[in-house]
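Novice: This is the structure, below, for whatever I ask next.
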Amino acid sequence: MKIAIMAAGAVGGYFGGRLAEAGHDVHFVARGRHLQAIRDNGLAVKSDFGDMHLTSAQATDDPADVGLADVILFAVKLWDTAAAARACKPMLGTGTAVICLQNGVESTGIIAQELGPEYALGGSAYISAAITEPGVIQHYGKFARLVFGENDNRKSERTLAFRGACEESGIEAEIPGDIQAAVWEKFITLASLSGVTTTTRRPIGEILADPDMAKTYRDTMEEIAAIGRAQGVNLAPDIADKRMRHAATLPPDMTASTLKDLEAGGRLETPWLTGAVVRLGRQLSVPVPVNETLNSALKPYENGA
């Protein structure tokens, strides 16, 4: 398959690298020092699943150079969603799938508005990774999974083809029966991890080990689940319990990338995570007091140092 990575950050770079290593025609859209390093030295990925070094990675800062793609893995920072979606237009052909791997729950709608609903697919990436230096991605832990699907939940030819490409590349991939529920389940996990680890500046292991912080973590998830249900998403009644059990399986030193951004003095995705919970809660008249407190604590840092 011909696959475009929009853009080649930690998430897009890891999955794009695995797909390219397996022989798929992968094109990385990047910029700045990261792009120059990929052009000069290739793309390197360090991972417990096996290191790789793509010495001749195809990388550009102009999507028009890529041409028409079968699949676009859309993994830009949340504040770049609309502009990056518009930049994808030269890569769209009949049947192109733009699979959103961003952290929020509003991005697929934005992509659909910018490009047309026939292109926009829901998705989630379960991975912990970071760019440790230009051209180098570090994958943490022993999980790296993609979940994606058509918004009407049919198993289309393009989703089945991409799942096959992932499996050929050693990537765990799933087309769920309900993509909306799957995306919201990830949002419950990620927004809670982001809000609580970033506010406390502590990893998940310490949070779960402390009764007060663990209660805050669970309450955060319950509030987010209530918003999803108010929007008609079919979430299990015990979703918070399931996500707490999942949290206990994570590496104890794991934090959200939001905390890494905060510590680096960078811009935060909080307005589209905890901030989105607060905004949607107010729109739907769903009380979210714990998320409001977390959001207020993080708001002074949203635009970086």
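Just so we're on the same page: first chain in the structure tokens is A, next is B, and so on; residues restart at 1 for each chain, and ligands are numbered from 1 in the order they show up.
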Skip Gly265 (chain A) itself and residues of its chain fewer than 4 positions away, then list as a PyMOL selection string all residues within 12 Å of it, counting only C-alpha atoms.
Specialist: chain A and resi 258-261+300-305
Novice: Considering only C-alpha atoms, return as a VMD selection string whatever protein or nucleic-acid residues lie within 7 Å of region 32-48 of chain A, sequence-local ones (same chain, fewer than 6 positions apart) excluded.
Specialist: chain A and resid 14 54 to 57 59 134 to 140 142
Novice: With a distance cut-off of 9 Å and only C-alpha atoms, select the neighbouring residues of Gly16 (chain A), excluding the residue or stretch itself and same-chain residues fewer than 6 positions from it, and output the selection as a count of residues only.
Specialist: 8
Novice: Give me, please, the distance in Å between CA of Pro176 (chain A) and CA of Gly275 (chain A), quoted to one decimal.
Specialist: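 That distance, rounded to one decimal, is 27.1 Å.
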Novice: If we count only C-alpha atoms and set the cut-off at 12 Å, which residues sit around Thr249 (chain A), ignoring sequence neighbours fewer than 3 positions away in its own chain? Please answer as a list in words.
Specialist: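 What passes the distance filter is Gly141, Lys142, Phe143, Ile204, Gly205, Leu208, Lys242, Arg243, Met244, Arg245, His246, Pro252, Asp253 and Met254 of chain A.
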Novice: For the residues selected in the previous step, produce a file with C-alpha atoms as a CSV table (one decimal), in the first residue's frame.
Specialist:
```csv
chain,number,residue,atom,x,y,z
A,141,GLY,CA,7.1,-0.4,26.9
A,142,LYS,CA,5.7,-3.5,25.1
A,143,PHE,CA,2.5,-2.2,23.6
A,204,ILE,CA,0.9,6.3,37.0
A,205,GLY,CA,2.4,3.8,39.5
A,208,LEU,CA,-2.5,4.3,41.8
A,242,LYS,CA,-12.0,-1.7,33.4
A,243,ARG,CA,-9.8,1.3,32.7
A,244,MET,CA,-8.4,1.3,36.3
A,245,ARG,CA,-7.5,-2.4,35.8
A,246,HIS,CA,-5.8,-1.5,32.5
A,252,PRO,CA,4.7,2.2,36.7
A,253,ASP,CA,6.9,5.0,35.6
A,254,MET,CA,4.6,5.9,32.7
```
Novice: Record the distance separating CA of Trp79 (chain A) and CA of Gly177 (chain A), expressed in Å with one decimal.
Specialist: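 Between CA of Trp79 (chain A) and CA of Gly177 (chain A) the gap works out to 29.1 Å.
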Novice: Would you please give, as a PyMOL selection string, all residues of region 23-161 of chain A that DSSP assigns to alpha helix (DSSP H) based on the backbone?
Specialist: chain A and resi 32-41+81-87+107-115+157-161
Novice: When you look at Val183 (chain A) with a cut-off of 9 Å (counting only C-alpha atoms), what residues show up, excluding the ones that are within fewer than 6 positions of it in the same chain? I need them as a PyMOL selection string.
Specialist: chain A and resi 103-105+122-124+147-148
Novice: Enumerate the residues of region 85-175 of chain A with a DSSP assignment of strand (DSSP E), computed from the backbone, and present them as an MDAnalysis selection string.
Specialist: chainID A and resid 97:100 120:133 136:149 172:174
Novice: Neighbouring residues of Glu157 (chain A) were defined as those with any atom within 10 Å, considering only C-alpha atoms; residues of the same chain fewer than 5 positions away were excluded. Please report them as number ranges by chain.
Specialist: A: 95, 162-163
